[in-house]
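Report on the following structure.
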Amino acid sequence: MNDTDLNRILKSARVPEPPTEYWREFPGTVVRRLRQGDGGGAAEPRRRPALPFWSLGLATACLVIGCAVGLWLAGRPSAPNDLLAQNFELLREVTAMFPNSVRAVVADESGVRLVLSDQPDVPPSSPLLIRVCRGNRCQSVITFSGQTVELAGIPVEVLADAEGHVLLVGERVVWSSAEGGPLFADGKVEAHVLEVVL
Amino acid sequence: MGFEHDEADWIRQGQAGDPEALGALVERYQRMVHALTFRMTGSMTDAEDLAQETFLQAFRRLDTFRGEAKFSSWLCQIAINTCLNWSKREKRRDEVQRLWAENEAILGEGRVEAADAEAPITRRVTAGLMRLPTKQRAAVVLTVYEGLNHAQAAQILGCSETTVSWRLFAARAKLKRWLTP
């Protein structure tokens with residue numbers, strides 16, 4: 001067999017043809033995932049690895065604490081976003097319960113939720129408060145330097161510099177509390193270090 | 001409007017985040033990308049996931065596309081790298097696939113023809129490609145199926161032209177042996 005024969009055989013192998021509907025829907029699927037800000041490290045929606053047993057416990061704990069925090073905040077007179085900034089006690093309790101595992105506490109219109117790390121690998125540091133408003137939707141996040149959080153659906157790495165300024169670094173955006181300005185075209189951002197001891 | 005003109009417009013509009021333009025680019029290249037990812041993985045399920053991943057990665061860095069290469073070559077480069085990264089991640093699965101391909105080849109044509117009378121060649125070629133080391137497979141996919149020359153393939157694979165030539169030489173020798181009736 002020469003190279004030409006081999007090429008002919010290789011090219012005669014057909015690629016399986018998905019149904020017409022698949023081709024029609026595929027562009028929409030890609031664009032939808034893109035707009036959702038899909039991280040897309042490994043696109044494997046059909047093969048999720050089985051969750052380890054402990055993660056179910058962790059998820060349950062998060063749910064319970066999230067509900068408790070939500071109910072507690074709901075009983076307070078002011079808006080949750082502002083309360084989150086003021087309630088250092090809440091943060092202390094949560095970080096004491098999950099030492100070095102709290103990546104963020106997020107408050108938005110859907111309530112308050114905790115974002116925990118799989119491992120206790122969050123180094124102790126001063127918490128940072130970020131408040132983002134886009135249109136009439138606001139979100140407050142308490143997190144720590146070096147953590148990646150989603151702000152208005154956009155993943156950004158949060159960093160604090162030695163002078164106490166907060167930097168937000170995304171794939172296409174960089175924002176610094178030292179300079180201010182908009183992070184998004186139609187949004188406002190504030191961020192500062194919370195001077196509390198946890 | 002011509003093909004190139006449309007495409008340049010879609011890219012420019014896509015860089016500004018226009019979803020319709022992005023959708024049009026996917027529609028134009030979805031079959032090319034699916035064929036490439038299928039030939040690299042031998043699995044339609046993986047090919048579909050990797051095709052999605054390719055477009056997502058391409059669009060996330062669409063602003064880096066300067067038009068120095070053809071858009072199809074640029075996309076091809078992202079697709080092949082996505083497949084090579086996938087292969088690294090799926091090393092164990094890759095090994096299982098390679099063994100499957102070897103068994104398929106060892107068990108012989110009779111069984112294949114009986115099981116899949118409509119496309120024995122397709123099946124044997126896919127098995128042969130999957131039996132190749134990933135980088136040799138990539139060289140075959142780029143040159144034989146995508147029609148690139150060795151220099152273009154070398155640029156995409158990030159290696160020298162000589163390396164591509166050697167990989168092709170080795171791959172061809174094996175494929176000839178496995179696919180000779």
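All residue names refer to the structure tokens as shown: chains lettered A, B, ... in order, residues numbered from 1 in each chain, ligands numbered from 1 in order.
Every protein, DNA or RNA residue with an atom at most 9 Å from stretch 74-83 of chain B, where only C-alpha atoms count and chain neighbours fewer than 4 positions away do not, is listed here: Tyr29, Met32, Val33, Leu36, Thr37, Met40, Thr41, Ala47, Leu50, Ala51, Glu53, Thr54, Phe55, Gln57, Ala58, Phe65, Gly67, Ala69, Lys70, Ser87, Lys88, Ala138, Leu142, Glu146, Ala153, Gln155, Ile156 and Leu157 of chain B.
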Pull out every residue of chain A sitting within 7 Å of chain B, counting only C-alpha atoms, and send them as a PyMOL selection string. chain A and resi 1+6-7+10-11+13-15+27-28+30-31+34+40+43-44
Same residues, N, CA and C atoms, saved as an mmCIF file, in the first residue's frame:
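Here's the written file out36.cif:
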```cif
data_model
loop_
_atom_site.group_PDB
_atom_site.id
_atom_site.type_symbol
_atom_site.label_atom_id
_atom_site.label_comp_id
_atom_site.auth_asym_id
_atom_site.auth_seq_id
_atom_site.Cartn_x
_atom_site.Cartn_y
_atom_site.Cartn_z
ATOM 1 N N MET A 1 0.848 -1.195 0.000
ATOM 2 C CA MET A 1 0.000 0.000 0.000
ATOM 3 C C MET A 1 0.889 1.253 0.000
ATOM 4 N N LEU A 6 -3.282 4.821 1.108
ATOM 5 C CA LEU A 6 -3.600 5.008 2.527
ATOM 6 C C LEU A 6 -4.496 6.242 2.708
ATOM 7 N N ASN A 7 -4.127 7.344 2.049
ATOM 8 C CA ASN A 7 -4.951 8.560 2.152
ATOM 9 C C ASN A 7 -6.386 8.301 1.696
ATOM 10 N N LEU A 10 -8.131 6.377 4.394
ATOM 11 C CA LEU A 10 -8.404 7.236 5.564
ATOM 12 C C LEU A 10 -9.561 8.200 5.276
ATOM 13 N N LYS A 11 -9.555 8.750 4.069
ATOM 14 C CA LYS A 11 -10.595 9.738 3.742
ATOM 15 C C LYS A 11 -11.959 9.100 3.487
ATOM 16 N N ALA A 13 -13.284 7.024 5.401
ATOM 17 C CA ALA A 13 -13.949 6.806 6.693
ATOM 18 C C ALA A 13 -14.834 8.011 6.998
ATOM 19 N N ARG A 14 -16.101 7.744 7.155
ATOM 20 C CA ARG A 14 -17.041 8.849 7.371
ATOM 21 C C ARG A 14 -17.141 9.207 8.856
ATOM 22 N N VAL A 15 -17.374 10.469 9.097
ATOM 23 C CA VAL A 15 -17.652 10.906 10.479
ATOM 24 C C VAL A 15 -19.144 10.706 10.705
ATOM 25 N N PRO A 27 -25.234 25.901 17.448
ATOM 26 C CA PRO A 27 -24.773 27.297 17.604
ATOM 27 C C PRO A 27 -25.423 27.986 18.810
ATOM 28 N N GLY A 28 -26.724 27.742 19.000
ATOM 29 C CA GLY A 28 -27.438 28.353 20.126
ATOM 30 C C GLY A 28 -26.875 27.879 21.457
ATOM 31 N N VAL A 30 -23.815 26.877 22.096
ATOM 32 C CA VAL A 30 -22.505 27.500 22.334
ATOM 33 C C VAL A 30 -22.692 28.940 22.805
ATOM 34 N N VAL A 31 -23.537 29.679 22.092
ATOM 35 C CA VAL A 31 -23.726 31.101 22.435
ATOM 36 C C VAL A 31 -24.338 31.228 23.831
ATOM 37 N N LEU A 34 -21.706 30.638 26.386
ATOM 38 C CA LEU A 34 -20.791 31.778 26.403
ATOM 39 C C LEU A 34 -21.388 32.935 27.193
ATOM 40 N N GLY A 40 -15.723 26.655 31.297
ATOM 41 C CA GLY A 40 -15.289 25.834 30.175
ATOM 42 C C GLY A 40 -13.907 25.246 30.277
ATOM 43 N N ALA A 43 -15.143 20.675 29.050
ATOM 44 C CA ALA A 43 -16.546 20.603 28.680
ATOM 45 C C ALA A 43 -17.051 19.185 28.736
ATOM 46 N N GLU A 44 -17.566 18.797 29.850
ATOM 47 C CA GLU A 44 -18.037 17.435 29.958
ATOM 48 C C GLU A 44 -19.365 17.367 30.682
#
```
Of A:Ser101, A:Gln36, A:Thr95, A:Thr20, the one sitting nearest A:Ala152 when using only C-alpha atoms is A:Gln36
Exercise for review: Could you give me the residues within chain B that DSSP places in alpha helix (DSSP H), as a PyMOL selection string?
Suggested key: chain B and resi 3-15+19-41+44-60+71-89+91-107+109-115+120-131+134-140+150-157+161-179
Selection export as a short mmCIF file (atom, residue, chain, number, x, y, z; two decimals), in the first residue's frame, atoms kept: C-alpha atoms:
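File written: part.cif
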```cif
data_model
loop_
_atom_site.label_atom_id
_atom_site.label_comp_id
_atom_site.auth_asym_id
_atom_site.auth_seq_id
_atom_site.Cartn_x
_atom_site.Cartn_y
_atom_site.Cartn_z
CA PHE B 3 -17.89 34.38 1.96
CA GLU B 4 -14.79 36.22 3.20
CA HIS B 5 -16.67 39.48 3.56
CA ASP B 6 -19.39 37.87 5.69
CA GLU B 7 -16.81 36.16 7.82
CA ALA B 8 -14.79 39.31 8.48
CA ASP B 9 -18.01 41.07 9.50
CA TRP B 10 -19.05 38.24 11.79
CA ILE B 11 -15.64 38.22 13.44
CA ARG B 12 -15.73 41.97 13.99
CA GLN B 13 -19.27 41.85 15.32
CA GLY B 14 -18.41 38.77 17.39
CA GLN B 15 -15.50 40.67 18.95
CA PRO B 19 -24.46 36.70 19.68
CA GLU B 20 -25.90 36.42 16.17
CA ALA B 21 -22.49 36.88 14.59
CA LEU B 22 -21.01 34.28 16.96
CA GLY B 23 -23.84 31.90 16.09
CA ALA B 24 -23.14 32.43 12.39
CA LEU B 25 -19.46 31.56 12.89
CA VAL B 26 -20.42 28.39 14.77
CA GLU B 27 -22.84 27.43 12.05
CA ARG B 28 -20.18 27.86 9.38
CA TYR B 29 -17.49 25.84 11.14
CA GLN B 30 -19.38 23.38 13.32
CA ARG B 31 -19.00 20.45 10.92
CA MET B 32 -15.28 21.04 10.44
CA VAL B 33 -14.69 21.22 14.19
CA HIS B 34 -16.87 18.18 14.92
CA ALA B 35 -15.06 16.11 12.28
CA LEU B 36 -11.69 17.07 13.75
CA THR B 37 -12.68 16.36 17.35
CA PHE B 38 -14.28 13.06 16.33
CA ARG B 39 -11.14 11.93 14.52
CA MET B 40 -9.08 12.86 17.55
CA THR B 41 -11.33 11.10 20.07
CA MET B 44 -19.14 11.22 19.14
CA THR B 45 -19.97 12.13 22.73
CA ASP B 46 -16.47 13.40 23.42
CA ALA B 47 -16.34 15.05 20.01
CA GLU B 48 -19.49 17.03 20.76
CA ASP B 49 -18.18 18.18 24.15
CA LEU B 50 -14.82 19.14 22.71
CA ALA B 51 -16.42 20.96 19.79
CA GLN B 52 -18.38 23.09 22.27
CA GLU B 53 -15.23 23.65 24.26
CA THR B 54 -13.34 24.71 21.12
CA PHE B 55 -15.88 27.38 20.20
CA LEU B 56 -16.10 28.64 23.78
CA GLN B 57 -12.34 29.00 23.99
CA ALA B 58 -12.16 30.62 20.57
CA PHE B 59 -14.84 33.18 21.38
CA ARG B 60 -13.37 34.01 24.76
CA PHE B 71 -10.08 31.96 10.78
CA SER B 72 -10.50 28.25 9.98
CA SER B 73 -6.78 27.60 10.69
CA TRP B 74 -6.98 29.57 13.92
CA LEU B 75 -10.03 27.56 14.97
CA CYS B 76 -8.31 24.36 13.92
CA GLN B 77 -5.39 25.21 16.19
CA ILE B 78 -7.70 25.75 19.16
CA ALA B 79 -9.58 22.52 18.39
CA ILE B 80 -6.44 20.41 18.16
CA ASN B 81 -4.99 21.89 21.35
CA THR B 82 -8.29 21.31 23.12
CA CYS B 83 -8.14 17.68 22.01
CA LEU B 84 -4.50 17.30 23.07
CA ASN B 85 -5.29 18.77 26.50
CA TRP B 86 -8.31 16.52 26.78
CA SER B 87 -6.14 13.58 25.94
CA LYS B 88 -3.72 14.47 28.73
CA ARG B 89 -6.58 14.78 31.20
CA LYS B 91 -4.88 9.59 29.98
CA ARG B 92 -6.44 6.59 31.61
CA ARG B 93 -9.49 6.64 29.41
CA ASP B 94 -7.20 7.09 26.44
CA GLU B 95 -5.39 3.92 27.43
CA VAL B 96 -8.69 2.04 27.63
CA GLN B 97 -9.61 3.37 24.21
CA ARG B 98 -6.27 2.30 22.78
CA LEU B 99 -6.74 -1.23 24.15
CA TRP B 100 -10.27 -1.27 22.73
CA ALA B 101 -8.88 -0.26 19.35
CA GLU B 102 -6.19 -2.93 19.53
CA ASN B 103 -8.76 -5.61 20.38
CA GLU B 104 -10.90 -4.40 17.56
CA ALA B 105 -8.02 -4.77 15.16
CA ILE B 106 -6.88 -8.14 16.54
CA LEU B 107 -10.35 -9.65 16.45
CA GLU B 109 -12.42 -7.94 9.90
CA GLY B 110 -14.85 -10.85 9.94
CA ARG B 111 -16.27 -9.76 13.27
CA VAL B 112 -16.28 -6.10 12.31
CA GLU B 113 -18.03 -6.75 9.02
CA ALA B 114 -20.62 -8.95 10.65
CA ALA B 115 -21.29 -6.39 13.36
CA PRO B 120 -16.41 -1.57 8.03
CA ILE B 121 -13.81 0.83 6.65
CA THR B 122 -15.00 3.67 8.87
CA ARG B 123 -14.78 1.42 11.88
CA ARG B 124 -11.35 0.10 11.02
CA VAL B 125 -9.96 3.54 10.25
CA THR B 126 -11.35 4.95 13.51
CA ALA B 127 -9.86 2.03 15.42
CA GLY B 128 -6.55 2.54 13.64
CA LEU B 129 -6.48 6.27 14.41
CA MET B 130 -7.32 5.64 18.06
CA ARG B 131 -4.52 3.11 18.27
CA THR B 134 -2.13 11.15 20.29
CA LYS B 135 0.48 13.38 18.66
CA GLN B 136 0.82 11.08 15.65
CA ARG B 137 -2.97 11.06 15.37
CA ALA B 138 -3.00 14.86 15.45
CA ALA B 139 -0.45 14.99 12.64
CA VAL B 140 -2.58 12.66 10.51
CA HIS B 150 3.78 20.00 7.18
CA ALA B 151 4.79 23.58 7.95
CA GLN B 152 1.22 24.60 8.81
CA ALA B 153 0.71 21.48 10.92
CA ALA B 154 4.00 22.17 12.71
CA GLN B 155 2.85 25.68 13.55
CA ILE B 156 -0.41 24.40 15.02
CA LEU B 157 1.27 21.61 16.96
CA GLU B 161 8.38 20.49 10.50
CA THR B 162 10.83 17.60 10.85
CA THR B 163 8.96 16.37 13.93
CA VAL B 164 5.69 16.46 12.02
CA SER B 165 7.29 14.54 9.16
CA TRP B 166 8.59 11.88 11.52
CA ARG B 167 5.28 11.56 13.30
CA LEU B 168 3.53 11.16 9.95
CA PHE B 169 6.06 8.66 8.73
CA ALA B 170 5.59 6.55 11.86
CA ALA B 171 1.81 6.89 11.78
CA ARG B 172 1.58 5.97 8.10
CA ALA B 173 3.75 2.89 8.57
CA LYS B 174 1.46 1.63 11.34
CA LEU B 175 -1.77 2.52 9.58
CA LYS B 176 -0.64 0.75 6.40
CA ARG B 177 0.07 -2.37 8.40
CA TRP B 178 -3.24 -2.25 10.28
CA LEU B 179 -5.42 -1.29 7.34
#
```
**Asked** What lies within 8 Å of stretch 137-143 of chain A using only C-alpha atoms, ignoring chain neighbours under 3 positions off, as a PyMOL selection string?
**Response** chain A and resi 81+84-85+102-109+127-134+147+151-152+158
Expected file contents, prior selection, N, CA and C atoms, as a PDB file, in the first residue's frame:
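This is the output file out.pdb:
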```
ATOM      1  N   ASN A  81     -27.926  43.365  51.986  1.00  0.00           N
ATOM      2  CA  ASN A  81     -26.605  43.760  51.492  1.00  0.00           C
ATOM      3  C   ASN A  81     -25.871  44.630  52.495  1.00  0.00           C
ATOM      4  N   LEU A  84     -24.907  42.669  55.637  1.00  0.00           N
ATOM      5  CA  LEU A  84     -23.757  41.797  55.445  1.00  0.00           C
ATOM      6  C   LEU A  84     -22.463  42.560  55.727  1.00  0.00           C
ATOM      7  N   ALA A  85     -22.443  43.809  55.300  1.00  0.00           N
ATOM      8  CA  ALA A  85     -21.250  44.616  55.520  1.00  0.00           C
ATOM      9  C   ALA A  85     -21.059  44.898  57.006  1.00  0.00           C
ATOM     10  N   VAL A 102     -13.839  29.196  54.254  1.00  0.00           N
ATOM     11  CA  VAL A 102     -14.830  30.135  53.719  1.00  0.00           C
ATOM     12  C   VAL A 102     -14.176  30.960  52.610  1.00  0.00           C
ATOM     13  N   ARG A 103     -14.665  30.785  51.410  1.00  0.00           N
ATOM     14  CA  ARG A 103     -14.121  31.559  50.281  1.00  0.00           C
ATOM     15  C   ARG A 103     -14.885  32.855  50.101  1.00  0.00           C
ATOM     16  N   ALA A 104     -16.162  32.807  50.405  1.00  0.00           N
ATOM     17  CA  ALA A 104     -16.960  34.029  50.246  1.00  0.00           C
ATOM     18  C   ALA A 104     -18.320  33.881  50.914  1.00  0.00           C
ATOM     19  N   VAL A 105     -18.881  35.011  51.328  1.00  0.00           N
ATOM     20  CA  VAL A 105     -20.286  35.071  51.727  1.00  0.00           C
ATOM     21  C   VAL A 105     -20.921  36.055  50.750  1.00  0.00           C
ATOM     22  N   VAL A 106     -21.947  35.600  50.092  1.00  0.00           N
ATOM     23  CA  VAL A 106     -22.539  36.400  49.019  1.00  0.00           C
ATOM     24  C   VAL A 106     -23.979  36.744  49.379  1.00  0.00           C
ATOM     25  N   ALA A 107     -24.335  37.984  49.232  1.00  0.00           N
ATOM     26  CA  ALA A 107     -25.736  38.389  49.446  1.00  0.00           C
ATOM     27  C   ALA A 107     -26.239  39.075  48.190  1.00  0.00           C
ATOM     28  N   ASP A 108     -27.343  38.596  47.677  1.00  0.00           N
ATOM     29  CA  ASP A 108     -27.974  39.267  46.541  1.00  0.00           C
ATOM     30  C   ASP A 108     -29.479  39.108  46.673  1.00  0.00           C
ATOM     31  N   GLU A 109     -30.176  39.386  45.613  1.00  0.00           N
ATOM     32  CA  GLU A 109     -31.637  39.350  45.731  1.00  0.00           C
ATOM     33  C   GLU A 109     -32.191  37.966  46.040  1.00  0.00           C
ATOM     34  N   PRO A 127     -10.860  40.300  55.802  1.00  0.00           N
ATOM     35  CA  PRO A 127     -11.918  40.129  54.804  1.00  0.00           C
ATOM     36  C   PRO A 127     -12.091  41.391  53.950  1.00  0.00           C
ATOM     37  N   LEU A 128     -12.556  41.188  52.745  1.00  0.00           N
ATOM     38  CA  LEU A 128     -12.759  42.301  51.809  1.00  0.00           C
ATOM     39  C   LEU A 128     -14.246  42.370  51.472  1.00  0.00           C
ATOM     40  N   LEU A 129     -14.764  43.542  51.450  1.00  0.00           N
ATOM     41  CA  LEU A 129     -16.173  43.702  51.079  1.00  0.00           C
ATOM     42  C   LEU A 129     -16.253  44.308  49.676  1.00  0.00           C
ATOM     43  N   ILE A 130     -17.035  43.656  48.828  1.00  0.00           N
ATOM     44  CA  ILE A 130     -17.237  44.174  47.466  1.00  0.00           C
ATOM     45  C   ILE A 130     -18.738  44.358  47.264  1.00  0.00           C
ATOM     46  N   ARG A 131     -19.101  45.458  46.759  1.00  0.00           N
ATOM     47  CA  ARG A 131     -20.518  45.708  46.478  1.00  0.00           C
ATOM     48  C   ARG A 131     -20.635  46.097  45.013  1.00  0.00           C
ATOM     49  N   VAL A 132     -21.455  45.359  44.298  1.00  0.00           N
ATOM     50  CA  VAL A 132     -21.627  45.584  42.859  1.00  0.00           C
ATOM     51  C   VAL A 132     -23.096  45.853  42.575  1.00  0.00           C
ATOM     52  N   CYS A 133     -23.372  46.897  41.836  1.00  0.00           N
ATOM     53  CA  CYS A 133     -24.749  47.139  41.395  1.00  0.00           C
ATOM     54  C   CYS A 133     -24.745  47.256  39.883  1.00  0.00           C
ATOM     55  N   ARG A 134     -25.624  46.525  39.275  1.00  0.00           N
ATOM     56  CA  ARG A 134     -25.757  46.582  37.818  1.00  0.00           C
ATOM     57  C   ARG A 134     -27.237  46.792  37.541  1.00  0.00           C
ATOM     58  N   GLN A 147      -9.062  34.960  46.306  1.00  0.00           N
ATOM     59  CA  GLN A 147     -10.218  34.128  45.955  1.00  0.00           C
ATOM     60  C   GLN A 147     -10.825  34.593  44.631  1.00  0.00           C
ATOM     61  N   LEU A 151     -18.939  38.138  40.083  1.00  0.00           N
ATOM     62  CA  LEU A 151     -19.616  39.414  40.304  1.00  0.00           C
ATOM     63  C   LEU A 151     -20.476  39.695  39.088  1.00  0.00           C
ATOM     64  N   ALA A 152     -21.750  39.783  39.308  1.00  0.00           N
ATOM     65  CA  ALA A 152     -22.710  39.969  38.206  1.00  0.00           C
ATOM     66  C   ALA A 152     -22.453  38.950  37.093  1.00  0.00           C
ATOM     67  N   VAL A 158     -10.022  38.280  43.273  1.00  0.00           N
ATOM     68  CA  VAL A 158     -10.006  39.428  44.173  1.00  0.00           C
ATOM     69  C   VAL A 158      -8.642  39.471  44.854  1.00  0.00           C
TER      70      VAL A 158
END
```
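Going from atom CA of A:Val112 over to atom CA of A:Ser176, you cover 25.2 Å.
Going from atom CA of A:Val94 to atom CA of A:Leu114 covers 8.7 Å.
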